[in-house]
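query_23.cif (mmCIF, C-alpha atoms) appears below.
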data_entry
#
loop_
_atom_site.label_atom_id
_atom_site.label_comp_id
_atom_site.auth_asym_id
_atom_site.auth_seq_id
_atom_site.Cartn_x
_atom_site.Cartn_y
_atom_site.Cartn_z
CA MET U 6 133.70 95.24 111.80
CA GLN U 7 131.81 95.89 115.06
CA LYS U 8 129.21 97.88 113.11
CA LYS U 9 128.69 94.97 110.68
CA ARG U 10 128.25 92.60 113.61
CA ASN U 11 125.65 94.96 115.15
CA PHE U 12 123.74 94.98 111.85
CA LEU U 13 123.77 91.19 111.79
CA TYR U 14 122.60 90.83 115.39
CA VAL U 15 119.75 93.27 114.92
CA PHE U 16 118.75 91.55 111.68
CA ILE U 17 118.76 88.08 113.22
CA ILE U 18 116.80 89.18 116.29
CA LEU U 19 114.15 90.95 114.22
CA ILE U 20 113.84 88.02 111.79
CA ILE U 21 113.32 85.62 114.70
CA VAL U 22 110.69 87.92 116.21
CA SER U 23 108.95 88.20 112.80
CA ILE U 24 108.84 84.43 112.43
CA LEU U 25 107.50 84.05 115.97
CA LEU U 26 104.80 86.63 115.29
CA PHE U 27 103.92 84.84 112.05
CA ALA U 28 103.50 81.59 113.96
CA LEU U 29 101.43 83.29 116.67
CA SER U 30 99.21 85.01 114.11
CA LYS U 31 98.06 81.59 112.88
CA THR U 32 96.36 81.17 116.24
CA SER U 33 93.83 83.66 117.57
CA PHE U 34 96.29 84.92 120.18
CA LEU U 35 97.02 88.21 118.40
CA ASP U 36 93.50 88.87 117.11
CA GLY U 37 92.74 91.29 119.94
CA PRO U 38 95.72 93.63 119.42
CA LYS U 39 95.24 93.47 115.63
CA SER U 40 91.57 94.41 115.93
CA PHE U 41 92.47 97.27 118.28
CA VAL U 42 95.02 98.72 115.82
CA GLN U 43 92.51 98.39 112.95
CA PHE U 44 89.87 100.09 115.09
CA VAL U 45 92.25 102.99 115.87
CA PHE U 46 93.21 103.50 112.22
CA SER U 47 89.69 103.03 110.86
CA PRO U 48 88.68 106.74 111.10
CA VAL U 49 91.90 107.77 109.36
CA GLN U 50 91.28 105.24 106.58
CA SER U 51 87.72 106.50 106.26
CA ALA U 52 88.93 110.11 106.04
CA PHE U 53 91.43 109.22 103.29
CA PHE U 54 88.74 107.32 101.41
CA ASN U 55 86.29 110.23 101.63
CA ILE U 56 88.94 112.70 100.46
CA THR U 57 89.78 110.60 97.40
CA HIS U 58 86.12 109.92 96.60
CA PHE U 59 84.59 113.31 97.42
CA ASN U 60 83.38 113.86 93.88
CA GLN U 61 82.47 110.29 93.07
CA LYS U 62 78.87 109.57 93.83
CA ILE U 63 76.40 107.57 91.82
CA SER U 64 74.47 110.04 89.63
CA GLN U 65 70.68 110.23 89.80
CA SER U 66 70.24 108.84 86.29
CA LYS U 67 72.60 105.93 87.02
CA ASP U 68 70.72 105.28 90.27
CA GLN U 69 67.42 105.13 88.35
CA GLU U 70 69.00 102.71 85.87
CA ILE U 71 70.15 100.50 88.75
CA ASP U 72 66.63 100.57 90.29
CA LYS U 73 65.11 99.61 86.94
CA THR U 74 67.51 96.66 86.52
CA VAL U 75 66.79 95.42 90.03
CA LYS U 76 63.00 95.74 89.54
CA ILE U 77 63.17 93.64 86.38
CA ALA U 78 65.00 90.91 88.32
CA ASP U 79 62.53 91.19 91.23
CA ILE U 80 59.52 90.81 88.94
CA ASN U 81 61.13 87.73 87.40
CA LYS U 82 61.71 86.25 90.85
CA LEU U 83 58.14 86.95 91.97
CA GLU U 84 56.79 85.25 88.85
CA GLY U 85 58.98 82.23 89.58
CA ASP U 86 57.89 82.08 93.24
CA ASN U 87 54.25 82.42 92.21
CA LYS U 88 54.56 79.56 89.75
CA ALA U 89 56.38 77.39 92.30
CA LEU U 90 53.71 77.98 94.94
CA ARG U 91 50.96 77.15 92.45
CA ASP U 92 52.76 73.98 91.33
CA GLN U 93 53.37 73.04 94.99
CA PHE U 94 56.70 71.55 94.07
CA GLU U 95 58.87 74.14 95.79
CA THR U 96 58.23 76.04 98.99
CA GLY U 97 60.12 79.07 97.67
CA SER U 98 60.67 80.07 101.27
CA GLU U 99 64.09 80.79 102.66
CA LYS U 100 65.29 82.12 105.94
CA ASN U 101 65.04 85.90 105.99
CA PRO U 102 68.53 87.29 105.74
CA ASN U 103 69.75 90.22 107.80
CA LEU U 104 71.15 93.24 106.01
CA ILE U 105 74.02 94.98 107.77
CA PRO U 106 74.96 98.35 106.27
CA ALA U 107 78.70 98.97 106.06
CA ARG U 108 80.67 102.00 104.93
CA ILE U 109 83.62 101.52 102.63
CA ILE U 110 86.76 102.87 104.32
CA GLY U 111 89.35 101.61 101.87
CA GLU U 112 89.42 100.89 98.16
CA PRO U 113 93.06 100.27 97.20
CA ALA U 114 93.80 100.51 93.50
CA PHE U 115 97.27 100.97 92.02
CA ILE U 116 96.49 104.39 90.58
CA PRO U 117 93.13 105.56 92.06
CA GLY U 118 90.83 106.75 89.34
CA PHE U 119 92.70 104.81 86.64
CA SER U 120 93.21 101.32 88.04
CA TYR U 121 90.21 99.24 89.00
CA PRO U 122 89.89 98.23 92.68
CA GLU U 123 89.85 94.51 93.39
CA THR U 124 88.83 94.71 97.06
CA PHE U 125 87.06 97.00 99.51
CA ILE U 126 87.69 97.45 103.19
CA ILE U 127 84.47 98.02 105.15
CA ASP U 128 83.97 99.22 108.72
CA GLU U 129 81.98 96.23 110.00
CA GLY U 130 83.38 92.94 111.22
CA LYS U 131 82.76 89.96 113.52
CA ASP U 132 81.38 92.32 116.14
CA SER U 133 78.36 92.99 113.88
CA GLY U 134 77.71 89.30 113.22
CA ILE U 135 79.46 89.18 109.86
CA LYS U 136 81.19 85.94 108.87
CA GLU U 137 83.80 85.11 106.26
CA GLY U 138 82.05 84.21 103.00
CA ASP U 139 78.97 86.39 103.57
CA ALA U 140 77.59 88.03 100.45
CA VAL U 141 77.90 91.78 100.01
CA ILE U 142 75.27 93.56 97.92
CA TYR U 143 74.02 96.98 96.91
CA LYS U 144 70.33 97.24 96.04
CA ASN U 145 70.08 93.50 95.32
CA ILE U 146 73.11 93.65 93.02
CA ALA U 147 76.03 91.36 93.84
CA VAL U 148 79.11 93.28 94.90
CA GLY U 149 81.34 90.58 96.38
CA LYS U 150 82.02 88.34 99.34
CA ILE U 151 83.71 88.85 102.70
CA SER U 152 87.17 87.30 102.26
CA LYS U 153 88.99 88.44 105.42
CA ILE U 154 87.53 89.58 108.68
CA SER U 155 88.52 90.99 112.04
CA ASP U 156 86.46 92.28 114.94
CA PHE U 157 85.70 95.72 113.54
CA SER U 158 86.47 95.63 109.83
CA SER U 159 86.47 93.26 106.87
CA VAL U 160 87.83 92.88 103.37
CA VAL U 161 85.32 92.41 100.53
CA THR U 162 86.60 90.62 97.42
CA LEU U 163 84.67 92.06 94.47
CA ILE U 164 83.01 89.86 91.86
CA THR U 165 85.45 91.39 89.34
CA ASN U 166 88.44 90.06 91.30
CA SER U 167 90.31 87.26 89.50
CA SER U 168 89.82 84.97 92.52
CA SER U 169 86.04 85.41 92.46
CA SER U 170 83.96 82.55 91.03
CA PHE U 171 80.34 81.49 91.55
CA THR U 172 77.42 79.90 89.70
CA ALA U 173 74.95 82.03 87.77
CA LYS U 174 72.07 81.82 85.31
CA THR U 175 70.46 84.06 82.73
CA MET U 176 67.08 85.54 83.50
CA SER U 177 65.37 84.80 80.21
CA GLY U 178 66.46 81.27 79.42
CA SER U 179 67.87 80.11 82.77
CA VAL U 180 71.12 79.24 81.03
CA SER U 181 73.61 78.10 83.66
CA GLY U 182 77.24 78.98 83.84
CA ILE U 183 80.01 80.24 86.10
CA ILE U 184 80.87 83.84 86.75
CA ASN U 185 84.65 84.36 86.82
CA GLY U 186 86.21 87.68 87.66
CA GLN U 187 89.13 88.59 85.42
CA GLY U 188 90.47 91.62 87.27
CA GLY U 189 90.41 95.13 85.87
CA GLY U 190 86.62 95.37 86.22
CA VAL U 191 85.95 92.51 83.77
CA ILE U 192 83.39 89.76 84.55
CA ILE U 193 83.07 86.66 82.35
CA PHE U 194 80.09 84.29 82.25
CA ASP U 195 81.92 81.09 81.43
CA ASN U 196 81.33 77.32 81.07
CA VAL U 197 78.11 77.83 79.14
CA LEU U 198 77.23 74.92 76.87
CA LEU U 199 77.50 75.65 73.16
CA SER U 200 73.92 74.43 72.68
CA GLU U 201 72.58 77.14 74.99
CA ASN U 202 71.31 80.43 73.60
CA LEU U 203 72.77 83.59 75.11
CA LYS U 204 71.38 87.00 74.16
CA ILE U 205 73.11 90.36 74.41
CA GLY U 206 71.36 92.53 76.98
CA ASP U 207 70.02 89.57 78.93
CA LEU U 208 70.29 89.83 82.71
CA VAL U 209 72.55 87.38 84.55
CA LEU U 210 71.55 86.46 88.10
CA THR U 211 73.23 84.43 90.83
CA LYS U 212 72.12 80.81 90.96
CA GLY U 213 72.69 80.57 94.69
CA ASP U 214 75.63 78.92 96.46
CA VAL U 215 74.51 79.27 100.07
CA ASN U 216 75.92 76.50 102.26
CA THR U 217 74.35 74.93 105.36
CA ASN U 218 75.74 77.77 107.51
CA GLY U 219 73.90 80.32 105.40
CA ILE U 220 77.11 81.66 103.85
CA GLY U 221 77.35 82.52 100.16
CA PHE U 222 75.39 84.28 97.43
CA PRO U 223 71.62 83.70 97.68
CA PRO U 224 69.81 83.10 94.36
CA ASP U 225 68.49 85.83 92.06
CA LEU U 226 70.93 88.62 92.89
CA VAL U 227 71.70 90.71 89.83
CA VAL U 228 75.23 90.21 88.48
CA GLY U 229 74.90 92.26 85.29
CA LYS U 230 73.88 92.32 81.65
CA ILE U 231 75.48 90.36 78.83
CA LYS U 232 77.65 92.82 76.89
CA SER U 233 79.24 90.53 74.32
CA ILE U 234 79.28 86.81 73.48
CA ASN U 235 82.27 84.69 72.49
CA LYS U 236 80.99 81.53 70.81
CA ASN U 237 83.66 79.45 69.11
CA PRO U 238 82.28 76.21 67.58
CA SER U 239 85.62 74.47 68.11
CA ALA U 240 85.66 75.25 71.86
CA LEU U 241 83.95 73.19 74.55
CA PHE U 242 82.01 76.09 76.02
CA GLN U 243 80.94 79.58 75.05
CA LYS U 244 81.44 82.63 77.22
CA ALA U 245 80.06 86.11 77.56
CA GLU U 246 81.33 89.34 79.04
CA ILE U 247 79.05 90.77 81.70
CA GLU U 248 78.65 94.42 82.59
CA SER U 249 77.54 95.16 86.13
CA PRO U 250 75.01 98.00 86.51
CA LEU U 251 77.15 99.22 89.41
CA ASP U 252 80.21 101.42 89.11
CA PHE U 253 82.15 99.90 92.03
CA GLU U 254 84.49 102.89 92.24
CA LYS U 255 81.57 105.16 93.13
CA LEU U 256 80.18 103.05 95.95
CA SER U 257 80.55 104.34 99.49
CA LEU U 258 77.99 102.13 101.25
CA VAL U 259 77.25 98.42 100.85
CA PHE U 260 75.15 95.84 102.68
CA VAL U 261 76.29 92.53 104.07
CA LEU U 262 73.80 89.65 103.89
CA THR U 263 73.92 87.46 106.98
CA GLN U 264 71.58 84.61 107.85
CA MET S 7 111.79 116.38 112.75
CA LYS S 8 111.81 112.67 113.69
CA LEU S 9 108.22 112.88 114.95
CA PHE S 10 107.20 114.56 111.70
CA LEU S 11 108.87 111.81 109.69
CA LEU S 12 107.14 109.17 111.82
CA PHE S 13 103.80 110.89 111.22
CA LEU S 14 104.49 110.93 107.46
CA PHE S 15 105.32 107.23 107.51
CA LEU S 16 102.09 106.39 109.36
CA LEU S 17 100.11 108.40 106.83
CA ALA S 18 101.92 106.60 104.03
CA VAL S 19 100.91 103.25 105.56
CA VAL S 20 97.24 104.27 105.62
CA LEU S 21 97.53 105.58 102.06
CA GLU S 22 99.08 102.31 100.89
CA ILE S 23 96.33 100.21 102.48
CA SER S 24 93.24 102.32 101.74
CA VAL S 25 93.86 104.29 98.57
CA THR S 26 96.67 102.96 96.43
CA THR S 27 98.75 99.79 96.16
CA VAL S 28 101.93 101.63 95.12
CA PRO S 29 104.56 100.28 97.56
CA PHE S 30 105.50 103.67 99.06
CA ILE S 31 106.72 102.20 102.33
CA PHE S 32 108.99 99.73 100.54
CA LEU S 33 110.48 102.52 98.38
CA ALA S 34 110.93 104.77 101.41
CA LEU S 35 112.71 101.99 103.32
CA LEU S 36 114.93 101.27 100.31
CA PHE S 37 116.08 104.90 100.22
CA LEU S 38 116.52 105.07 104.00
CA THR S 39 118.67 101.92 103.84
CA ILE S 40 120.79 103.35 101.03
CA LEU S 41 121.14 106.82 102.59
CA TYR S 42 121.59 106.02 106.27
CA ARG S 43 122.89 102.41 106.46
CA ASN S 44 122.03 102.27 110.13
CA TYR S 45 120.49 99.43 112.16
CA TRP S 46 117.46 101.60 113.13
CA VAL S 47 116.28 101.26 109.53
CA TYR S 48 115.82 97.55 110.25
CA VAL S 49 113.74 98.43 113.30
CA MET S 50 111.61 100.87 111.26
CA GLY S 51 111.10 98.27 108.54
CA PHE S 52 110.07 95.73 111.14
CA PHE S 53 107.42 97.90 112.78
CA LEU S 54 106.09 99.37 109.53
CA GLY S 55 105.82 95.84 108.15
CA LEU S 56 103.80 94.80 111.18
CA LEU S 57 101.49 97.77 110.71
CA LEU S 58 101.01 96.98 107.01
CA ASP S 59 100.21 93.37 107.88
CA THR S 60 97.67 94.41 110.52
CA LEU S 61 95.83 96.95 108.38
CA GLY S 62 96.13 94.83 105.24
CA PHE S 63 94.64 91.73 106.91
CA ARG S 64 97.77 89.66 106.25
CA SER S 65 99.53 87.26 108.62
CA LEU S 66 101.69 89.23 111.03
CA GLY S 67 105.38 89.12 110.33
CA LEU S 68 105.17 88.46 106.58
CA THR S 69 105.81 91.98 105.33
CA SER S 70 108.35 92.62 108.11
CA THR S 71 110.32 89.54 107.06
CA PHE S 72 110.26 90.67 103.44
CA PHE S 73 111.47 94.19 104.33
CA LEU S 74 114.20 92.88 106.64
CA VAL S 75 115.56 90.39 104.11
CA PHE S 76 115.52 92.96 101.31
CA MET S 77 117.29 95.60 103.40
CA PHE S 78 119.85 93.00 104.49
CA LEU S 79 120.57 92.12 100.85
CA VAL S 80 120.93 95.81 99.93
CA LEU S 81 123.39 96.36 102.77
CA ALA S 82 125.28 93.19 101.89
CA TYR S 83 125.58 94.42 98.29
CA GLN S 84 126.77 97.79 99.59
CA ALA S 85 129.75 96.11 101.26
CA LYS S 86 131.20 95.31 97.83
CA PHE S 87 129.68 97.81 95.40
CA GLU S 88 128.42 101.37 95.28
CA ILE S 89 124.65 101.49 95.79
CA PHE S 90 123.77 105.16 95.43
CA THR S 91 123.71 104.89 91.65
CA LEU S 92 120.88 105.11 89.15
CA PRO S 93 121.16 101.53 87.82
CA PHE S 94 121.12 100.07 91.33
CA ILE S 95 118.15 102.21 92.39
CA PHE S 96 116.21 101.21 89.27
CA ILE S 97 116.95 97.48 89.46
CA SER S 98 116.50 97.13 93.22
CA SER S 99 113.25 99.12 93.28
CA PHE S 100 111.90 97.21 90.26
CA LEU S 101 112.76 93.77 91.65
CA GLY S 102 111.65 94.63 95.18
CA SER S 103 108.35 96.17 94.02
CA PHE S 104 107.69 93.22 91.73
CA LEU S 105 108.23 90.69 94.51
CA TYR S 106 106.31 92.77 97.07
CA LEU S 107 103.31 93.29 94.78
CA ARG S 108 103.34 89.68 93.61
CA PHE S 109 103.45 88.20 97.12
CA PHE S 110 101.24 90.60 99.00
CA VAL S 111 99.03 92.68 96.73
CA VAL S 112 98.38 91.70 93.14
CA GLN S 113 97.34 88.39 91.66
CA GLY S 114 99.10 87.82 88.37
CA PHE S 115 102.09 89.54 86.85
CA PRO S 116 102.58 93.08 88.22
CA LEU S 117 105.07 94.19 85.56
CA MET S 118 103.58 97.62 84.81
CA GLU S 119 103.04 98.36 88.48
CA SER S 120 106.66 97.47 89.26
CA LEU S 121 107.92 99.66 86.42
CA PHE S 122 105.83 102.56 87.72
CA SER S 123 107.25 102.07 91.22
CA SER S 124 110.81 102.01 89.93
CA LEU S 125 110.11 105.19 87.95
CA ILE S 126 109.01 106.88 91.16
CA ALA S 127 112.24 105.67 92.80
CA VAL S 128 114.36 106.94 89.91
CA CYS S 129 112.66 110.36 89.97
CA PHE S 130 113.25 110.61 93.70
CA PHE S 131 116.89 109.63 93.20
CA VAL S 132 117.36 112.33 90.56
CA LEU S 133 115.77 114.87 92.92
CA LEU S 134 118.08 113.82 95.74
CA ARG S 135 121.09 114.15 93.45
CA LYS S 136 120.03 117.65 92.39
CA LEU S 137 119.55 118.67 96.02
CA SER S 138 122.97 117.25 96.78
CA ASN S 139 124.55 119.21 93.92
CA ASN S 140 122.93 122.36 95.25
CA ASN S 141 124.36 121.54 98.69
CA PHE S 142 120.95 121.05 100.30
CA LEU S 143 122.02 117.54 101.30
CA ASP S 144 125.46 116.31 102.30
CA LEU S 145 125.28 113.19 100.20
CA ASP S 146 128.72 113.74 98.69
CA LYS S 147 130.30 113.92 102.15
CA ARG S 148 128.49 110.71 103.11
CA TYR S 149 129.49 108.84 99.97
CA GLY S 150 132.82 110.58 99.17
#
Write-out of the structure in structure tokens:
Amino acid sequence: MQKKRNFLYVFIILIIVSILLFALSKTSFLDGPKSFVQFVFSPVQSAFFNITHFNQKISQSKDQEIDKTVKIADINKLEGDNKALRDQFETGSEKNPNLIPARIIGEPAFIPGFSYPETFIIDEGKDSGIKEGDAVIYKNIAVGKISKISDFSSVVTLITNSSSSFTAKTMSGSVSGIINGQGGGVIIFDNVLLSENLKIGDLVLTKGDVNTNGIGFPPDLVVGKIKSINKNPSALFQKAEIESPLDFEKLSLVFVLTQ
Amino acid sequence: MKLFLLFLFLLAVVLEISVTTVPFIFLALLFLTILYRNYWVYVMGFFLGLLLDTLGFRSLGLTSTFFLVFMFLVLAYQAKFEIFTLPFIFISSFLGSFLYLRFFVVQGFPLMESLFSSLIAVCFFVLLRKLSNNNFLDLDKRYG
């Protein structure tokens, strides 16, 4: 009976402490100790990540394919800027963003190598000037956004994550729509009007959702190519599946765009 | 031995945050609760939960509360029924993994992931039973 009472006392005390800590964590009171613990464990996380990804690097041919895709998008952007400057309707000038390189130290997937990761953990945080909502890219290709942040590390939610959603357009016809992650590495270009013409193989770029604080995806980042189109005349919109040129599982370094 | 176990647990935490989302810590705590039925398991669950919350960028105290409540329910069940049985291990690990993954890790319906976790738990249970039958563990003395 005494033993049962001891169990109960310990349980109640620990529950109360947990609830207190939960309440305190909603303020910034515990940010310092949390950041310290993350900083201490960061090298261990990095070591685990490197061990599980020692053989997974982007191949030379894949790298060349990525460069080619990005160059096509860049040429398209330059043509647009050139036209805008000649028309004198748009300035085409934006604040120059800063690029902060960040190593991936964690890529949790249920079964690594079989399940698709939905988030990355990177080794840069508030200390480097990163803010929640900043875009994360690799060679001008959209990777994701910073969703959680501490002093020395951050969580990147990938564009394939089911909570990821942003506006996009096609390169050839400037067809607008919304990119929705579906989880499992699947990206859908949704809410496209039935009257619009989508083409398989067409590049999809970000439309730009940068807010007044400079947070969000800038325009003309590569999202991917249209892989298949689902056009049902009885539906309100058509949708397309997008394939990113990046294999997210093979990334070890990304860049955070900060204004 | 205790330091070695602590080291293993810390490694398991890092593994769970950085490499895989299989709830190893939850499964380990479930077995510790069933095997040892001691209050220090609560304390371990509390601190490991805090560590998972810190490294997983969650609000502090969430995972600890989940672990504590689950262990309390397991021990409460143990007061009336036998818990070191295959059906209990399977059901408790499946339900616990499902709730843990749903609340803290996966968006959607983590049915396959929960089944996989409970399979791991069942395999570990079978291994423990075999070790017990070969007298490597004194489980029979502990559970009569």
Hits of the PyMOL selection byres ((chain U and resi 46) around 12) in this structure, as a VMD selection string: (chain U and resid 39 to 45 47 to 53 110 to 111 128 157 to 158) or (chain S and resid 16 to 17 19 to 21 23 to 24 57 to 58 60 to 62)
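Residues with at least one atom no more than 10 Å from (72.2, 79.9, 82.0), using all atoms listed in the file, are Thr172, Ala173, Lys174, Thr175, Met176, Ser177, Gly178, Ser179, Val180, Ser181, Gly182, Ile183, Phe194, Asp195, Asn196, Val197, Leu198, Glu201, Asn202, Leu203, Val209, Leu210, Thr211 and Lys212 of chain U.
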File dump, residues just selected, C-alpha atoms, as a CSV table (one decimal), keeping the file's coordinate frame:
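The resulting out.csv:
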chain,number,residue,atom,x,y,z
U,172,THR,CA,77.4,79.9,89.7
U,173,ALA,CA,75.0,82.0,87.8
U,174,LYS,CA,72.1,81.8,85.3
U,175,THR,CA,70.5,84.1,82.7
U,176,MET,CA,67.1,85.5,83.5
U,177,SER,CA,65.4,84.8,80.2
U,178,GLY,CA,66.5,81.3,79.4
U,179,SER,CA,67.9,80.1,82.8
U,180,VAL,CA,71.1,79.2,81.0
U,181,SER,CA,73.6,78.1,83.7
U,182,GLY,CA,77.2,79.0,83.8
U,183,ILE,CA,80.0,80.2,86.1
U,194,PHE,CA,80.1,84.3,82.2
U,195,ASP,CA,81.9,81.1,81.4
U,196,ASN,CA,81.3,77.3,81.1
U,197,VAL,CA,78.1,77.8,79.1
U,198,LEU,CA,77.2,74.9,76.9
U,201,GLU,CA,72.6,77.1,75.0
U,202,ASN,CA,71.3,80.4,73.6
U,203,LEU,CA,72.8,83.6,75.1
U,209,VAL,CA,72.6,87.4,84.6
U,210,LEU,CA,71.6,86.5,88.1
U,211,THR,CA,73.2,84.4,90.8
U,212,LYS,CA,72.1,80.8,91.0
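The smallest atom-to-atom distance between chain S and any of U:Asp214, U:Glu254, U:Asp225, U:Glu70, using all atoms listed in the file, is found for U:Glu254.
For the point (105.0, 102.8, 100.4), the residues with at least one atom inside 10 Å, counting all atoms listed in the file, are Phe15, Leu17, Ala18, Val19, Val20, Leu21, Glu22, Ile23, Thr26, Thr27, Val28, Pro29, Phe30, Ile31, Phe32, Leu33, Ala34, Leu35, Leu54, Leu58, Ser103 and Ser123 of chain S.
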For those residues, write C-alpha atoms to a file as a compact mmCIF listing (two decimals), in the frame of the given file.
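out-v7.txt, freshly written:
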# COMPACT_ATOMS: atom_id res chain seq x y z
CA PHE S 15 105.32 107.23 107.51
CA LEU S 17 100.11 108.40 106.83
CA ALA S 18 101.92 106.60 104.03
CA VAL S 19 100.91 103.25 105.56
CA VAL S 20 97.24 104.27 105.62
CA LEU S 21 97.53 105.58 102.06
CA GLU S 22 99.08 102.31 100.89
CA ILE S 23 96.33 100.21 102.48
CA THR S 26 96.67 102.96 96.43
CA THR S 27 98.75 99.79 96.16
CA VAL S 28 101.93 101.63 95.12
CA PRO S 29 104.56 100.28 97.56
CA PHE S 30 105.50 103.67 99.06
CA ILE S 31 106.72 102.20 102.33
CA PHE S 32 108.99 99.73 100.54
CA LEU S 33 110.48 102.52 98.38
CA ALA S 34 110.93 104.77 101.41
CA LEU S 35 112.71 101.99 103.32
CA LEU S 54 106.09 99.37 109.53
CA LEU S 58 101.01 96.98 107.01
CA SER S 103 108.35 96.17 94.02
CA SER S 123 107.25 102.07 91.22
Result set, the PyMOL selection byres ((chain S and resi 70-85) around 6) on current file, as a VMD selection string: chain S and resid 51 to 52 55 to 56 67 to 69 86 to 89
Residue members of the PyMOL selection byres ((chain S and resi 96) around 12) in the file shown, as a PyMOL selection string: chain S and resi 33+36-37+89-95+97-104+120-132
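Atom CA of Lys153 of chain U sits 27.5 Å away from atom CA of Glu246 of chain U.
Relative to atom CA of Leu251 of chain U, atom CA of Arg108 of chain U is found at 16.2 Å.
Across the structure, atom CA of Glu112 of chain U and atom CA of Gln264 of chain U are spaced 26.0 Å apart.
Minimum distance to Leu12 of chain S across S:Leu133, S:Leu107, S:Ile40, S:Met50 (counting only C-alpha atoms) occurs at S:Met50.
Remark: for chain U, the closest of the candidate residues S:Phe53, S:Phe109, S:Phe13, S:Tyr45 is S:Tyr45 (distances computed over only C-alpha atoms).
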Selection near Ser169 of chain U, 9 Å with all atoms listed in the file, sequence-local residues under 6 positions removed, as a PyMOL selection string: chain U and resi 149-150+162-163+184-187
Non-local contacts of Val227 of chain U (9 Å; only C-alpha atoms; under 2 positions in same chain excluded) as a list of chain:residue names: U:Thr74, U:Val75, U:Ala78, U:Asn145, U:Ile146, U:Ala147, U:Leu208, U:Val209, U:Leu210, U:Thr211, U:Asp225, U:Gly229, U:Lys230, U:Ser249, U:Pro250
